[in-house]
Every structure is written in structure tokens, then in C-alpha cells.
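Colleague: Once you've had a glance at the structure underneath, I'll fire off some questions.
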Amino acid sequence: MNEMRDAAISTDGDVGPDGANLIKMYGNRKDRTMFVACEEVESTDVILGCCAVKKGMDENKEEPESDIASIWRMSVDESHRGKGVATKLMEECERYAKNDLQCKRMGLWTLNPVASKFYMNRMGYRKEDYAYVIDSWFAKLFVPPAFRYEKDL
């Protein structure tokens with residue numbers, strides 16, 4: 001998972017160093033947006049977490065005819081986990097997907113077993129499929145598969 005994080009925050013990644021690429025990836029795009037949860041602490045906004053949603057399942061491709069939206073970059077600061085931040089972010093993404101993107105379903109991929117439990121138990125997603133990130137018999141011995149989850153909106 002650290003490799004995916006490192007790719008996202010690299011110079012060419014969709015997040016970029018210190019979030020430099022976020023506006024390019026999520027700003028002024030009709031097919032996606034990012035929600036950021038903040039809290040004011042001593043007159044300063046502190047970011048608690050974020051979650052992106054886009055129309056279609058391919059993060060880099062526009063899919064205007066798709067009836068499914070997808071979750072990307074779900075993250076909550078460790079000190080705020082278990083306080084409902086992820087639930088609120090997911091609910092906002094689902095509302096946006098249904099009302100603004102006109103999607104009937106929401107999907108996501110994850111390698112994280114803790115996130116998997118959250119998506120199924122708290123948010124009502126069902127496991128649909130899996131795929132190996134590295135498709136070789138040797139890697140399959142050591143690298144767990146990524147699971148795809150879906151939910152009707």
C-alpha cells in the first residue's frame with residue numbers, strides 16, 4: 001500500500017507533492033470531485049480526511065455514459081479514525097454520485113482489510129470481484145488481491 005501512496009504523491013501522481021496536483025485532477029471537472037473533512041482548531045483548519053468520487057471505475061478515463069461512480073483516495077487521519085469521519089465522507093460521495101453524477105451504483109477497489117470491513121459492515125457494500133495487482137504466480141504467493149465492492153445508490 002505504501003507503493004500506491006508513494007505513486008500518488010510523486011511529482012506525476014494525481015495528488016502530487018503536498019497536494020500540488022489535486023486541482024488539476026479534481027478541480028473544474030464535471031465527472032469528479034474530492035470532499036475534504038476539516039475541523040477548526042485554534043482558528044486554523046485541520047484536515048481530518050478526504051475522499052474523491054468520479055463517474056465510472058477508471059480513475060484516469062472520462063466515462064460519461066457510465067451508471068456507476070467510484071471512490072478514490074479515501075483517507076482519514078489516524079487520530080480521527082473511529083469518529084465517523086469516513087462515514088460522513090462516504091455519505092457525501094454517495095449523495096454526489098446519485099444526485100450530481102446521476103449514477104445508480106457506487107464501486108471501489110481496496111487492498112486494505114480494515115477498509116473492506118468498513119465498506120461492507122458500516123456502508124453496506126457487497127464484495128463483487130477481485131484481481132491481483134501483480135499478475136504472476138510468484139507475486140500471488142505474497143501479495144494479496146485487491147477486492148472490488150459495489151453498492152446500489
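To be explicit about the labels: the chains of the C-alpha cells are called A, B, and onward in the order shown, and within each one the residues are counted from 1, while ligands get numbers from 1 in the order they are shown.
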Go through chain A and collect every residue that DSSP, computed from the backbone, puts in strand (DSSP E); the answer should be as JSON, numbers by chain.
Modeller: {"A": [32, 33, 34, 35, 36, 37, 38, 39, 40, 41, 44, 45, 46, 47, 48, 49, 50, 51, 52, 53, 54, 55, 68, 69, 70, 71, 72, 73, 74, 75, 76, 105, 106, 107, 108, 109, 110, 126, 127, 128, 129, 130, 131, 146, 147, 148, 149, 150, 151, 152]}
Colleague: Could you write out that same residue set with C-alpha atoms as a PDB file, in the first residue's frame?
Modeller:
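Final file, out-v6.pdb:
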ATOM      1  CA  ARG A  32     -15.390  14.001 -10.384  1.00  0.00           C
ATOM      2  CA  THR A  33     -14.830  15.868  -7.148  1.00  0.00           C
ATOM      3  CA  MET A  34     -12.983  15.485  -3.869  1.00  0.00           C
ATOM      4  CA  PHE A  35     -14.525  16.031  -0.450  1.00  0.00           C
ATOM      5  CA  VAL A  36     -12.289  17.169   2.402  1.00  0.00           C
ATOM      6  CA  ALA A  37     -13.334  16.954   6.055  1.00  0.00           C
ATOM      7  CA  CYS A  38     -11.898  19.779   8.170  1.00  0.00           C
ATOM      8  CA  GLU A  39     -12.116  20.932  11.752  1.00  0.00           C
ATOM      9  CA  GLU A  40     -11.222  24.359  13.073  1.00  0.00           C
ATOM     10  CA  VAL A  41      -8.561  24.177  15.782  1.00  0.00           C
ATOM     11  CA  THR A  44      -6.764  27.058  11.805  1.00  0.00           C
ATOM     12  CA  ASP A  45      -8.452  24.480   9.574  1.00  0.00           C
ATOM     13  CA  VAL A  46      -7.100  20.991  10.194  1.00  0.00           C
ATOM     14  CA  ILE A  47      -7.726  18.316   7.557  1.00  0.00           C
ATOM     15  CA  LEU A  48      -9.299  15.207   9.087  1.00  0.00           C
ATOM     16  CA  GLY A  49      -9.715  13.187   5.905  1.00  0.00           C
ATOM     17  CA  CYS A  50     -10.623  13.199   2.243  1.00  0.00           C
ATOM     18  CA  CYS A  51     -12.380  11.103  -0.358  1.00  0.00           C
ATOM     19  CA  ALA A  52     -12.771  11.505  -4.124  1.00  0.00           C
ATOM     20  CA  VAL A  53     -15.646  10.316  -6.305  1.00  0.00           C
ATOM     21  CA  LYS A  54     -15.856  10.107 -10.082  1.00  0.00           C
ATOM     22  CA  LYS A  55     -18.209   8.816 -12.757  1.00  0.00           C
ATOM     23  CA  ILE A  68     -21.541   3.576 -11.775  1.00  0.00           C
ATOM     24  CA  ALA A  69     -19.441   6.035  -9.787  1.00  0.00           C
ATOM     25  CA  SER A  70     -16.263   5.100  -7.941  1.00  0.00           C
ATOM     26  CA  ILE A  71     -14.449   6.033  -4.745  1.00  0.00           C
ATOM     27  CA  TRP A  72     -10.781   7.089  -4.841  1.00  0.00           C
ATOM     28  CA  ARG A  73      -8.251   8.318  -2.287  1.00  0.00           C
ATOM     29  CA  MET A  74     -10.338   7.612   0.847  1.00  0.00           C
ATOM     30  CA  SER A  75      -8.156   8.547   3.784  1.00  0.00           C
ATOM     31  CA  VAL A  76      -8.750   9.629   7.377  1.00  0.00           C
ATOM     32  CA  ARG A 105     -24.322   2.347  -8.279  1.00  0.00           C
ATOM     33  CA  MET A 106     -21.085   3.067  -6.423  1.00  0.00           C
ATOM     34  CA  GLY A 107     -17.955   0.934  -6.708  1.00  0.00           C
ATOM     35  CA  LEU A 108     -14.445   0.838  -5.290  1.00  0.00           C
ATOM     36  CA  TRP A 109     -11.295  -1.283  -5.134  1.00  0.00           C
ATOM     37  CA  THR A 110      -9.235  -1.840  -1.982  1.00  0.00           C
ATOM     38  CA  ARG A 126     -21.008  -6.125  -1.196  1.00  0.00           C
ATOM     39  CA  LYS A 127     -17.874  -7.895  -2.454  1.00  0.00           C
ATOM     40  CA  GLU A 128     -18.133  -8.325  -6.239  1.00  0.00           C
ATOM     41  CA  ASP A 129     -14.768  -9.362  -7.626  1.00  0.00           C
ATOM     42  CA  TYR A 130     -11.029  -9.465  -7.030  1.00  0.00           C
ATOM     43  CA  ALA A 131      -7.865  -9.036  -9.054  1.00  0.00           C
ATOM     44  CA  ALA A 146      -7.458  -6.167  -4.444  1.00  0.00           C
ATOM     45  CA  PHE A 147     -11.194  -6.573  -3.905  1.00  0.00           C
ATOM     46  CA  ARG A 148     -13.947  -4.697  -5.747  1.00  0.00           C
ATOM     47  CA  TYR A 149     -17.052  -3.656  -3.820  1.00  0.00           C
ATOM     48  CA  GLU A 150     -20.352  -2.238  -5.050  1.00  0.00           C
ATOM     49  CA  LYS A 151     -23.500  -0.723  -3.641  1.00  0.00           C
ATOM     50  CA  ASP A 152     -26.789   0.355  -5.229  1.00  0.00           C
TER      51      ASP A 152
END
Colleague: Run DSSP on the backbone and tell me which residues of chain A come out as alpha helix (DSSP H); list them as a PyMOL selection string.
Modeller: chain A and resi 2-8+22-26+85-99+113-117+137-142
Colleague: Create the file for the chosen residues now, containing N, CA, C and O atoms and written as a compact mmCIF listing (two decimals), in the first residue's frame.
Modeller:
# COMPACT_ATOMS: atom_id res chain seq x y z
N ASN A 2 2.05 1.16 0.59
CA ASN A 2 2.94 2.32 0.58
C ASN A 2 3.36 2.68 -0.83
O ASN A 2 3.57 3.85 -1.13
N GLU A 3 3.48 1.69 -1.71
CA GLU A 3 3.86 1.97 -3.10
C GLU A 3 2.78 2.79 -3.79
O GLU A 3 3.09 3.70 -4.56
N MET A 4 1.51 2.48 -3.53
CA MET A 4 0.42 3.25 -4.14
C MET A 4 0.41 4.68 -3.59
O MET A 4 0.21 5.62 -4.34
N ARG A 5 0.65 4.81 -2.28
CA ARG A 5 0.73 6.15 -1.68
C ARG A 5 1.87 6.93 -2.30
O ARG A 5 1.70 8.10 -2.69
N ASP A 6 3.03 6.30 -2.41
CA ASP A 6 4.19 6.98 -2.97
C ASP A 6 3.95 7.41 -4.42
O ASP A 6 4.36 8.50 -4.82
N ALA A 7 3.26 6.56 -5.20
CA ALA A 7 2.94 6.92 -6.59
C ALA A 7 1.99 8.11 -6.63
O ALA A 7 2.14 9.01 -7.46
N ALA A 8 1.00 8.13 -5.73
CA ALA A 8 0.02 9.22 -5.72
C ALA A 8 0.66 10.56 -5.36
O ALA A 8 0.30 11.60 -5.93
N LEU A 22 -3.78 18.17 -7.01
CA LEU A 22 -5.20 17.93 -6.73
C LEU A 22 -6.14 18.78 -7.57
O LEU A 22 -7.16 18.28 -8.06
N ILE A 23 -5.83 20.04 -7.75
CA ILE A 23 -6.71 20.91 -8.53
C ILE A 23 -6.77 20.43 -9.98
O ILE A 23 -7.84 20.38 -10.58
N LYS A 24 -5.62 20.04 -10.53
CA LYS A 24 -5.60 19.54 -11.91
C LYS A 24 -6.43 18.27 -12.04
O LYS A 24 -7.15 18.08 -13.01
N MET A 25 -6.38 17.40 -11.04
CA MET A 25 -7.06 16.12 -11.11
C MET A 25 -8.55 16.23 -10.79
O MET A 25 -9.36 15.56 -11.42
N TYR A 26 -8.90 17.07 -9.81
CA TYR A 26 -10.28 17.10 -9.33
C TYR A 26 -11.00 18.43 -9.50
O TYR A 26 -12.21 18.50 -9.42
N VAL A 85 -15.80 10.16 10.67
CA VAL A 85 -15.32 11.00 9.55
C VAL A 85 -15.46 10.25 8.23
O VAL A 85 -15.99 10.78 7.25
N ALA A 86 -15.01 9.01 8.18
CA ALA A 86 -15.09 8.21 6.94
C ALA A 86 -16.54 8.00 6.53
O ALA A 86 -16.87 8.08 5.34
N THR A 87 -17.40 7.75 7.49
CA THR A 87 -18.83 7.55 7.18
C THR A 87 -19.42 8.80 6.55
O THR A 87 -20.11 8.72 5.53
N LYS A 88 -19.14 9.96 7.11
CA LYS A 88 -19.66 11.22 6.56
C LYS A 88 -19.10 11.48 5.16
O LYS A 88 -19.83 11.91 4.27
N LEU A 89 -17.82 11.23 4.97
CA LEU A 89 -17.22 11.41 3.64
C LEU A 89 -17.88 10.48 2.62
O LEU A 89 -18.22 10.90 1.51
N MET A 90 -18.06 9.23 2.98
CA MET A 90 -18.69 8.26 2.08
C MET A 90 -20.13 8.66 1.77
O MET A 90 -20.58 8.58 0.62
N GLU A 91 -20.87 9.09 2.77
CA GLU A 91 -22.26 9.51 2.54
C GLU A 91 -22.32 10.69 1.58
O GLU A 91 -23.19 10.75 0.71
N GLU A 92 -21.40 11.62 1.71
CA GLU A 92 -21.37 12.78 0.82
C GLU A 92 -21.00 12.36 -0.60
O GLU A 92 -21.58 12.84 -1.57
N CYS A 93 -20.05 11.45 -0.73
CA CYS A 93 -19.68 10.94 -2.05
C CYS A 93 -20.86 10.21 -2.70
O CYS A 93 -21.11 10.37 -3.89
N GLU A 94 -21.58 9.42 -1.92
CA GLU A 94 -22.73 8.68 -2.45
C GLU A 94 -23.84 9.65 -2.88
O GLU A 94 -24.45 9.47 -3.94
N ARG A 95 -24.07 10.69 -2.09
CA ARG A 95 -25.08 11.69 -2.45
C ARG A 95 -24.70 12.38 -3.75
O ARG A 95 -25.51 12.52 -4.66
N TYR A 96 -23.45 12.77 -3.87
CA TYR A 96 -22.96 13.44 -5.07
C TYR A 96 -23.09 12.53 -6.29
O TYR A 96 -23.52 12.95 -7.36
N ALA A 97 -22.71 11.27 -6.13
CA ALA A 97 -22.78 10.31 -7.25
C ALA A 97 -24.22 10.13 -7.73
O ALA A 97 -24.48 10.10 -8.93
N LYS A 98 -25.14 10.04 -6.79
CA LYS A 98 -26.54 9.82 -7.14
C LYS A 98 -27.18 11.08 -7.73
O LYS A 98 -27.80 11.04 -8.80
N ASN A 99 -27.00 12.21 -7.07
CA ASN A 99 -27.70 13.44 -7.46
C ASN A 99 -27.00 14.24 -8.55
O ASN A 99 -27.66 14.74 -9.47
N PRO A 113 -7.67 -4.68 4.39
CA PRO A 113 -8.70 -5.50 5.05
C PRO A 113 -9.55 -4.72 6.07
O PRO A 113 -10.73 -5.02 6.24
N VAL A 114 -8.98 -3.71 6.71
CA VAL A 114 -9.76 -2.89 7.65
C VAL A 114 -10.78 -2.06 6.88
O VAL A 114 -11.95 -1.98 7.26
N ALA A 115 -10.36 -1.49 5.75
CA ALA A 115 -11.28 -0.72 4.91
C ALA A 115 -12.38 -1.63 4.36
O ALA A 115 -13.54 -1.24 4.30
N SER A 116 -12.03 -2.86 3.99
CA SER A 116 -13.03 -3.81 3.48
C SER A 116 -14.15 -4.02 4.48
O SER A 116 -15.33 -4.00 4.12
N LYS A 117 -13.79 -4.21 5.73
CA LYS A 117 -14.81 -4.40 6.78
C LYS A 117 -15.68 -3.15 6.92
O LYS A 117 -16.89 -3.25 7.09
N TRP A 137 2.46 -15.88 -10.76
CA TRP A 137 2.22 -16.90 -9.74
C TRP A 137 3.06 -16.63 -8.51
O TRP A 137 2.62 -16.83 -7.38
N PHE A 138 4.28 -16.10 -8.68
CA PHE A 138 5.16 -15.82 -7.55
C PHE A 138 4.59 -14.69 -6.68
O PHE A 138 4.53 -14.80 -5.46
N ALA A 139 4.14 -13.61 -7.32
CA ALA A 139 3.57 -12.47 -6.58
C ALA A 139 2.30 -12.88 -5.84
O ALA A 139 2.05 -12.41 -4.73
N LYS A 140 1.52 -13.77 -6.44
CA LYS A 140 0.27 -14.21 -5.80
C LYS A 140 0.53 -14.94 -4.48
O LYS A 140 -0.36 -15.01 -3.64
N LEU A 141 1.75 -15.45 -4.31
CA LEU A 141 2.10 -16.09 -3.04
C LEU A 141 2.27 -15.07 -1.92
O LEU A 141 2.10 -15.40 -0.75
N PHE A 142 2.63 -13.84 -2.26
CA PHE A 142 2.99 -12.84 -1.25
C PHE A 142 2.14 -11.58 -1.24
O PHE A 142 2.08 -10.89 -0.24
Colleague: Go ahead and compute the interatomic distance for atom CA of A:Leu153 and atom CA of A:Leu101, in Å to one decimal.
Modeller: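 Those two atoms sit 11.6 Å apart.
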Colleague: I'd like the neighbourhood of A:Thr11 as a PyMOL selection string, where a residue qualifies if any of its atoms comes within 9 Å (using only C-alpha atoms), though same-chain residues fewer than 5 positions away should be ignored.
Modeller: chain A and resi 16-17+20-21
Colleague: To one decimal place, how far is atom CA of A:Pro144 from atom CA of A:Gly13 in Å?
Modeller: 23.3 Å
Colleague: Here is a test: counting only C-alpha atoms, which residue of A:Leu111, A:Ser136, A:Ile9, A:Asp31 is nearest to A:Gly56?
Modeller: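 The answer is A:Asp31, which sits nearest to A:Gly56.
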Colleague: As an exercise, work out the distance from atom CA of A:Arg122 to atom CA of A:Asp58 in Å and give it to one decimal place.
Modeller: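 It comes out at 24.6 Å.
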